[in-house]
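Containing TSV, C-alpha atoms: input_1.tsv.
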chain	number	residue	atom	x	y	z
A	6	MET	CA	5.53	0.11	-7.94
A	7	ALA	CA	7.25	-3.09	-6.95
A	8	ALA	CA	7.83	-1.58	-3.52
A	9	SER	CA	4.19	-1.91	-2.56
A	10	ASN	CA	4.16	-5.62	-3.37
A	11	SER	CA	7.49	-6.45	-1.80
A	12	GLU	CA	6.71	-4.72	1.47
A	13	ASN	CA	3.43	-6.54	1.70
A	14	ASP	CA	5.30	-9.75	1.26
A	15	SER	CA	7.90	-8.88	3.82
A	16	LYS	CA	5.17	-8.51	6.44
A	17	ASN	CA	3.33	-11.52	5.15
A	18	GLU	CA	3.46	-14.38	7.63
A	19	ILE	CA	2.87	-17.31	5.34
A	20	PRO	CA	1.89	-20.26	7.53
A	21	SER	CA	3.85	-23.37	6.85
A	22	SER	CA	0.68	-25.23	5.93
A	23	SER	CA	0.26	-23.31	2.70
A	24	GLU	CA	3.59	-24.58	1.37
A	25	ALA	CA	4.15	-27.92	3.15
A	26	GLU	CA	2.34	-31.13	2.47
A	27	GLN	CA	1.48	-32.00	6.07
A	28	PRO	CA	-1.78	-30.45	7.32
A	29	GLN	CA	-0.29	-28.49	10.21
A	30	PHE	CA	-2.61	-25.56	10.65
A	31	GLN	CA	-1.80	-22.60	12.79
A	32	ALA	CA	-4.46	-20.74	14.68
A	33	ILE	CA	-5.71	-17.45	13.31
A	34	ARG	CA	-4.13	-14.59	15.20
A	35	MET	CA	-5.56	-11.11	15.36
A	36	PRO	CA	-2.96	-8.45	14.60
A	37	THR	CA	-1.33	-6.97	17.68
A	38	MET	CA	-1.23	-3.25	18.34
A	39	GLU	CA	2.36	-3.07	17.13
A	40	GLU	CA	1.46	-4.70	13.85
A	41	ILE	CA	-1.43	-2.34	13.35
A	42	ARG	CA	0.70	0.68	14.15
A	43	ALA	CA	3.47	-0.52	11.86
A	44	GLN	CA	0.95	-0.91	9.08
A	45	GLU	CA	-0.37	2.58	9.73
A	46	VAL	CA	3.17	3.99	9.49
A	47	TRP	CA	3.83	2.12	6.28
A	48	ASN	CA	0.56	3.31	4.75
A	49	ASN	CA	1.66	6.92	5.10
A	50	CYS	CA	2.44	8.41	1.69
A	51	ALA	CA	5.36	10.52	2.86
A	52	VAL	CA	7.11	7.60	4.54
A	53	ARG	CA	6.67	5.38	1.52
A	54	SER	CA	7.91	7.93	-0.97
A	55	VAL	CA	10.97	8.83	1.13
A	56	VAL	CA	11.93	5.19	1.56
A	57	SER	CA	11.48	4.59	-2.16
A	58	GLY	CA	13.59	7.64	-2.92
A	59	VAL	CA	16.37	6.42	-0.66
A	60	MET	CA	16.30	2.98	-2.23
A	61	GLY	CA	16.37	4.51	-5.68
A	62	GLY	CA	19.30	6.66	-4.66
A	63	GLY	CA	21.23	3.65	-3.46
A	64	LEU	CA	20.53	1.75	-6.63
A	65	GLY	CA	21.52	4.70	-8.78
A	66	PHE	CA	24.69	5.19	-6.78
A	67	PHE	CA	25.93	1.69	-7.40
A	68	MET	CA	24.88	1.69	-11.00
A	69	GLY	CA	26.63	4.99	-11.65
A	70	MET	CA	29.75	3.77	-9.95
A	71	PHE	CA	29.80	0.65	-12.08
A	72	LEU	CA	29.21	2.56	-15.30
A	73	GLY	CA	31.79	5.16	-14.34
A	74	ALA	CA	34.41	2.51	-13.84
A	75	LEU	CA	33.98	1.42	-17.42
A	76	ASP	CA	34.64	4.88	-18.77
A	77	ASN	CA	37.97	5.23	-20.55
A	78	PRO	CA	39.88	8.54	-20.61
A	79	ILE	CA	40.15	10.39	-23.89
A	80	MET	CA	43.89	10.83	-23.99
A	81	GLN	CA	44.76	7.31	-23.03
A	82	ASP	CA	48.20	7.20	-24.63
A	83	GLU	CA	49.57	10.32	-23.01
A	84	MET	CA	48.51	9.63	-19.41
A	85	THR	CA	50.47	7.52	-17.00
A	86	GLY	CA	48.83	4.68	-15.16
A	87	ARG	CA	48.36	6.76	-12.04
A	88	GLN	CA	46.74	9.59	-13.94
A	89	GLN	CA	44.38	7.16	-15.60
A	90	PHE	CA	43.46	5.74	-12.22
A	91	VAL	CA	42.75	9.18	-10.77
A	92	TYR	CA	40.66	10.03	-13.79
A	93	ASN	CA	38.72	6.81	-13.45
A	94	VAL	CA	38.01	7.43	-9.79
A	95	LYS	CA	36.77	10.93	-10.49
A	96	GLN	CA	34.55	9.68	-13.27
A	97	MET	CA	33.11	7.02	-11.02
A	98	GLY	CA	32.35	9.52	-8.30
A	99	ARG	CA	30.74	12.04	-10.62
A	100	ARG	CA	28.60	9.58	-12.48
A	101	SER	CA	27.49	7.75	-9.35
A	102	LEU	CA	26.30	10.97	-7.73
A	103	SER	CA	24.37	12.20	-10.75
A	104	SER	CA	22.87	8.78	-11.32
A	105	ALA	CA	21.94	8.48	-7.65
A	106	LYS	CA	20.14	11.81	-7.78
A	107	ALA	CA	18.20	10.91	-10.90
A	108	PHE	CA	17.10	7.54	-9.59
A	109	ALA	CA	16.20	8.96	-6.20
A	110	VAL	CA	13.92	11.55	-7.76
A	111	MET	CA	12.39	8.90	-9.98
A	112	GLY	CA	11.66	6.57	-7.08
A	113	LEU	CA	10.29	9.35	-4.91
A	114	VAL	CA	7.94	10.76	-7.53
A	115	PHE	CA	6.69	7.36	-8.61
A	116	SER	CA	5.99	6.15	-5.11
A	117	ALA	CA	4.36	9.39	-4.02
A	118	VAL	CA	2.04	9.56	-7.02
A	119	GLU	CA	1.07	5.91	-6.78
A	120	CYS	CA	0.34	6.23	-3.07
A	121	VAL	CA	-1.80	9.35	-3.50
A	122	VAL	CA	-3.75	7.90	-6.43
A	123	GLU	CA	-4.39	4.64	-4.64
A	124	LYS	CA	-5.63	6.42	-1.54
A	125	ALA	CA	-7.90	8.63	-3.60
A	126	ARG	CA	-9.43	5.75	-5.57
A	127	ALA	CA	-9.49	3.31	-2.61
A	128	LYS	CA	-8.70	0.50	-5.04
A	129	HIS	CA	-5.66	-1.62	-5.78
A	130	ASP	CA	-5.34	-1.69	-9.56
A	131	THR	CA	-2.88	-1.39	-12.40
A	132	THR	CA	-4.41	2.01	-13.16
A	133	ASN	CA	-2.49	3.40	-10.19
A	134	THR	CA	0.77	2.10	-11.65
A	135	VAL	CA	-0.02	3.48	-15.10
A	136	VAL	CA	-0.82	6.97	-13.81
A	137	ALA	CA	2.23	7.03	-11.56
A	138	GLY	CA	4.49	5.83	-14.37
A	139	CYS	CA	3.11	8.41	-16.74
A	140	VAL	CA	3.65	11.29	-14.31
A	141	THR	CA	7.18	10.11	-13.47
A	142	GLY	CA	8.20	9.66	-17.09
A	143	GLY	CA	6.62	12.94	-18.05
A	144	THR	CA	8.40	14.97	-15.38
A	145	MET	CA	11.71	13.31	-16.12
A	146	SER	CA	11.62	14.11	-19.82
A	147	ALA	CA	9.74	17.39	-19.53
A	148	ARG	CA	12.82	19.30	-20.65
A	149	GLY	CA	12.58	18.07	-24.19
A	150	GLY	CA	9.22	19.65	-24.83
A	151	PRO	CA	5.68	18.27	-24.87
A	152	LYS	CA	6.36	15.51	-27.38
A	153	ALA	CA	9.26	14.14	-25.36
A	154	ALA	CA	7.11	14.36	-22.24
A	155	CYS	CA	4.36	12.29	-23.88
A	156	ALA	CA	6.84	9.72	-25.10
A	157	GLY	CA	8.46	9.52	-21.67
A	158	CYS	CA	5.08	9.17	-20.03
A	159	ALA	CA	3.99	6.30	-22.25
A	160	GLY	CA	7.33	4.55	-22.13
A	161	PHE	CA	7.73	4.70	-18.38
A	162	ALA	CA	4.13	3.69	-17.77
A	163	ALA	CA	4.57	0.60	-19.95
A	164	PHE	CA	7.85	-0.21	-18.24
A	165	SER	CA	6.41	0.03	-14.76
A	166	VAL	CA	3.39	-2.11	-15.68
A	167	LEU	CA	5.74	-4.78	-17.00
A	168	ILE	CA	7.82	-4.69	-13.84
A	169	GLU	CA	4.70	-4.94	-11.69
A	170	LYS	CA	3.39	-7.93	-13.62
A	171	PHE	CA	6.78	-9.58	-13.41
A	172	PHE	CA	6.92	-9.18	-9.65
A	173	ASP	CA	3.32	-10.30	-9.21
A	174	ARG	CA	3.93	-13.55	-10.98
A	175	HIS	CA	7.02	-14.40	-8.99
A	176	THR	CA	5.64	-13.90	-5.47
B	14	MET	CA	-32.88	0.62	22.38
B	15	ALA	CA	-30.16	2.58	24.17
B	16	ALA	CA	-31.26	2.16	27.76
B	17	ASN	CA	-28.30	3.07	29.91
B	18	ASN	CA	-29.60	3.42	33.45
B	19	THR	CA	-32.74	1.54	34.24
B	20	PRO	CA	-34.81	3.24	36.96
B	21	ALA	CA	-35.40	1.27	40.11
B	22	GLY	CA	-38.99	0.47	39.17
B	23	ILE	CA	-38.15	-1.95	36.33
B	24	ASN	CA	-37.70	-5.49	37.48
B	25	LYS	CA	-34.89	-7.76	36.56
B	26	GLU	CA	-36.66	-9.67	33.83
B	27	GLN	CA	-37.48	-6.58	31.90
B	28	ALA	CA	-33.91	-5.37	32.21
B	29	PHE	CA	-32.62	-8.70	30.98
B	30	GLY	CA	-35.01	-8.61	28.06
B	31	MET	CA	-33.89	-5.16	27.06
B	32	ALA	CA	-30.23	-6.11	27.42
B	33	GLU	CA	-30.82	-9.18	25.28
B	34	THR	CA	-32.52	-7.18	22.57
B	35	GLU	CA	-29.75	-4.64	22.65
B	36	MET	CA	-27.13	-7.37	22.39
B	37	GLU	CA	-28.87	-8.96	19.43
B	38	TYR	CA	-29.10	-5.61	17.73
B	39	ARG	CA	-25.42	-4.95	18.26
B	40	VAL	CA	-24.36	-8.35	17.01
B	41	GLU	CA	-26.54	-8.04	13.93
B	42	LEU	CA	-25.14	-4.59	13.21
B	43	PHE	CA	-21.57	-5.81	13.50
B	44	ASN	CA	-22.12	-8.84	11.30
B	45	ARG	CA	-23.86	-6.84	8.63
B	46	LEU	CA	-21.27	-4.12	8.71
B	47	THR	CA	-18.36	-6.50	8.26
B	48	GLN	CA	-20.12	-8.42	5.54
B	49	THR	CA	-21.10	-5.34	3.56
B	50	CYS	CA	-17.73	-3.66	3.74
B	51	PHE	CA	-15.85	-6.87	3.04
B	52	ASN	CA	-17.90	-7.63	-0.03
B	53	LYS	CA	-17.57	-4.11	-1.27
B	54	CYS	CA	-13.91	-3.43	-0.65
B	55	VAL	CA	-11.88	-6.61	-0.81
B	56	ASP	CA	-10.93	-8.10	-4.17
B	57	LYS	CA	-11.99	-11.73	-4.30
B	58	ARG	CA	-8.95	-12.97	-6.14
B	59	TYR	CA	-6.94	-12.89	-2.89
B	60	LYS	CA	-3.57	-12.26	-4.39
B	61	GLU	CA	-1.97	-11.67	-1.02
B	62	SER	CA	-2.92	-12.14	2.59
B	63	GLU	CA	-2.34	-8.59	3.87
B	64	LEU	CA	-4.71	-5.74	3.23
B	65	ASN	CA	-3.14	-3.32	0.82
B	66	MET	CA	-3.51	0.41	1.08
B	67	GLY	CA	-6.46	0.81	-1.25
B	68	GLU	CA	-8.47	-1.79	0.62
B	69	ASN	CA	-7.55	-0.21	3.95
B	70	THR	CA	-8.81	3.16	2.78
B	71	CYS	CA	-11.94	1.62	1.34
B	72	ILE	CA	-12.73	-0.17	4.59
B	73	ASP	CA	-12.19	2.98	6.63
B	74	ARG	CA	-14.58	4.93	4.46
B	75	CYS	CA	-17.13	2.12	4.25
B	76	VAL	CA	-17.31	1.69	8.01
B	77	SER	CA	-17.57	5.41	8.59
B	78	LYS	CA	-20.39	5.82	6.10
B	79	TYR	CA	-22.24	2.78	7.37
B	80	TRP	CA	-22.04	4.06	10.92
B	81	GLN	CA	-23.29	7.49	9.92
B	82	VAL	CA	-26.20	6.06	7.99
B	83	ASN	CA	-27.02	3.81	10.91
B	84	GLY	CA	-27.05	6.78	13.27
B	85	ILE	CA	-29.21	8.91	11.02
B	86	ILE	CA	-31.78	6.21	10.47
B	87	GLY	CA	-31.82	5.39	14.16
B	88	GLN	CA	-32.56	9.01	14.94
B	89	MET	CA	-35.31	9.19	12.34
B	90	LEU	CA	-36.94	6.07	13.72
B	91	ASN	CA	-36.71	7.32	17.27
B	92	ALA	CA	-38.03	10.80	16.53
B	93	GLY	CA	-41.05	10.10	14.35
B	94	GLY	CA	-43.65	7.69	15.75
B	95	GLN	CA	-45.27	7.15	12.38
B	96	PRO	CA	-43.40	6.72	9.12
B	97	PRO	CA	-43.33	10.01	7.13
B	98	MET	CA	-45.47	8.86	4.22
Please re-express this file's structure in structure tokens.
Amino acid sequence: MAASNSENDSKNEIPSSSEAEQPQFQAIRMPTMEEIRAQEVWNNCAVRSVVSGVMGGGLGFFMGMFLGALDNPIMQDEMTGRQQFVYNVKQMGRRSLSSAKAFAVMGLVFSAVECVVEKARAKHDTTNTVVAGCVTGGTMSARGGPKAACAGCAGFAAFSVLIEKFFDRHT
Amino acid sequence: MAANNTPAGINKEQAFGMAETEMEYRVELFNRLTQTCFNKCVDKRYKESELNMGENTCIDRCVSKYWQVNGIIGQMLNAGGQPPM
């Protein structure tokens, strides 16, 4: 998804001439063996999907913690301040873990499917993103039956295409 | 074309000529290979300066196929003196 574009940019050595006004050109360098090997490692589907899963887990953890902190206890009048605090902490922990798991699975599945599809087609397209988004959305909402799976597939595919276009325009 | 060890009878000029022909052949092969696979695999819009994964895969496969075809045709030309018409 956006991971493929951002990692390409992080290894992208933009020469200063492309941004500055003065014509200071740098010589063309062939990639060293370390750069080639690093690229080979990053092109591996397993590595990419695991890294995406970890990043998704981190994101989900913080989001769940934030949302859990906003949760108010049911019996607010009867609890003391300390009890409310303990309840809040427990809620934060529970929600952050469940959210981290969900987001980690989402990131892993999306990245793995996109990597495999792109390697099979040998093309860099939005079709890869659409297929990966559909599979991810479908597996995540597969519990609700086939209709929910179709809706999840379409919704997540559209969402991931939008995110990809957004990131493409801003790099 | 692939003359590895020249026997002692061939003089220097002939060896140089063969080496020159071989070099030209190699250079032509390399240039054509890079041009073909670049035109086929790399998107011309140049959205970023690094090769992404799809292009990498495409180039790997293109070079492998080109090399195989080159080998097969080289063998066919070497084996048969006349074209199989």
Between atom CA of B:Cys54 and atom CA of B:Val82 lies a distance of 17.8 Å
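For chain A, the residues close to chain B, meaning within 6 Å and counting all atoms listed in the file, are A:Glu123, A:Lys124, A:Ala127, A:Lys128, A:His129.
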Write out as an MDAnalysis selection string each polymer residue whose atoms come within 8 Å of stretch 162-170 of chain A, counting only C-alpha atoms; drop sequence neighbours fewer than 3 positions from it.
-> chainID A and resid 6:7 131 134:139 142 158:159 173:174
Mind writing the picked residues with C-alpha atoms as an mmCIF file, in the frame of the given file?
data_model
loop_
_atom_site.group_PDB
_atom_site.id
_atom_site.type_symbol
_atom_site.label_atom_id
_atom_site.label_comp_id
_atom_site.auth_asym_id
_atom_site.auth_seq_id
_atom_site.Cartn_x
_atom_site.Cartn_y
_atom_site.Cartn_z
ATOM 1 C CA MET A 6 5.530 0.110 -7.940
ATOM 2 C CA ALA A 7 7.250 -3.090 -6.950
ATOM 3 C CA THR A 131 -2.880 -1.390 -12.400
ATOM 4 C CA THR A 134 0.770 2.100 -11.650
ATOM 5 C CA VAL A 135 -0.020 3.480 -15.100
ATOM 6 C CA VAL A 136 -0.820 6.970 -13.810
ATOM 7 C CA ALA A 137 2.230 7.030 -11.560
ATOM 8 C CA GLY A 138 4.490 5.830 -14.370
ATOM 9 C CA CYS A 139 3.110 8.410 -16.740
ATOM 10 C CA GLY A 142 8.200 9.660 -17.090
ATOM 11 C CA CYS A 158 5.080 9.170 -20.030
ATOM 12 C CA ALA A 159 3.990 6.300 -22.250
ATOM 13 C CA ASP A 173 3.320 -10.300 -9.210
ATOM 14 C CA ARG A 174 3.930 -13.550 -10.980
#
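Going from atom CA of A:Cys50 over to atom CA of A:Thr132, you cover 17.6 Å.
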Between atom CA of A:Phe30 and atom CA of B:Thr49, what is the distance, to one decimal in Å?
-> 28.3 Å
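The nearest approach to A:Phe108 among the residues A:Ala43, A:Leu64, A:Ile33, A:Val56, with all atoms listed in the file taken into account, belongs to A:Leu64.
Nearest residue to B:Cys50, choosing from B:Asn83, B:Gln27, B:Asn91, B:Ser77 and counting all atoms listed in the file: B:Ser77.
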Which is closer to A:Asn49 than all the others in A:Met111, A:Leu75, A:Cys120, A:Val94, using all atoms listed in the file?
-> A:Cys120
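Every protein or nucleic acid residue with an atom no more than 9 Å from A:Ser54, counting only C-alpha atoms and leaving out same-chain residues fewer than 3 positions away, appears here: Asn49, Cys50, Ala51, Ser57, Gly58, Val59, Gly112, Leu113, Val114, Phe115, Ser116, Ala117, Val118 and Cys120 of chain A.
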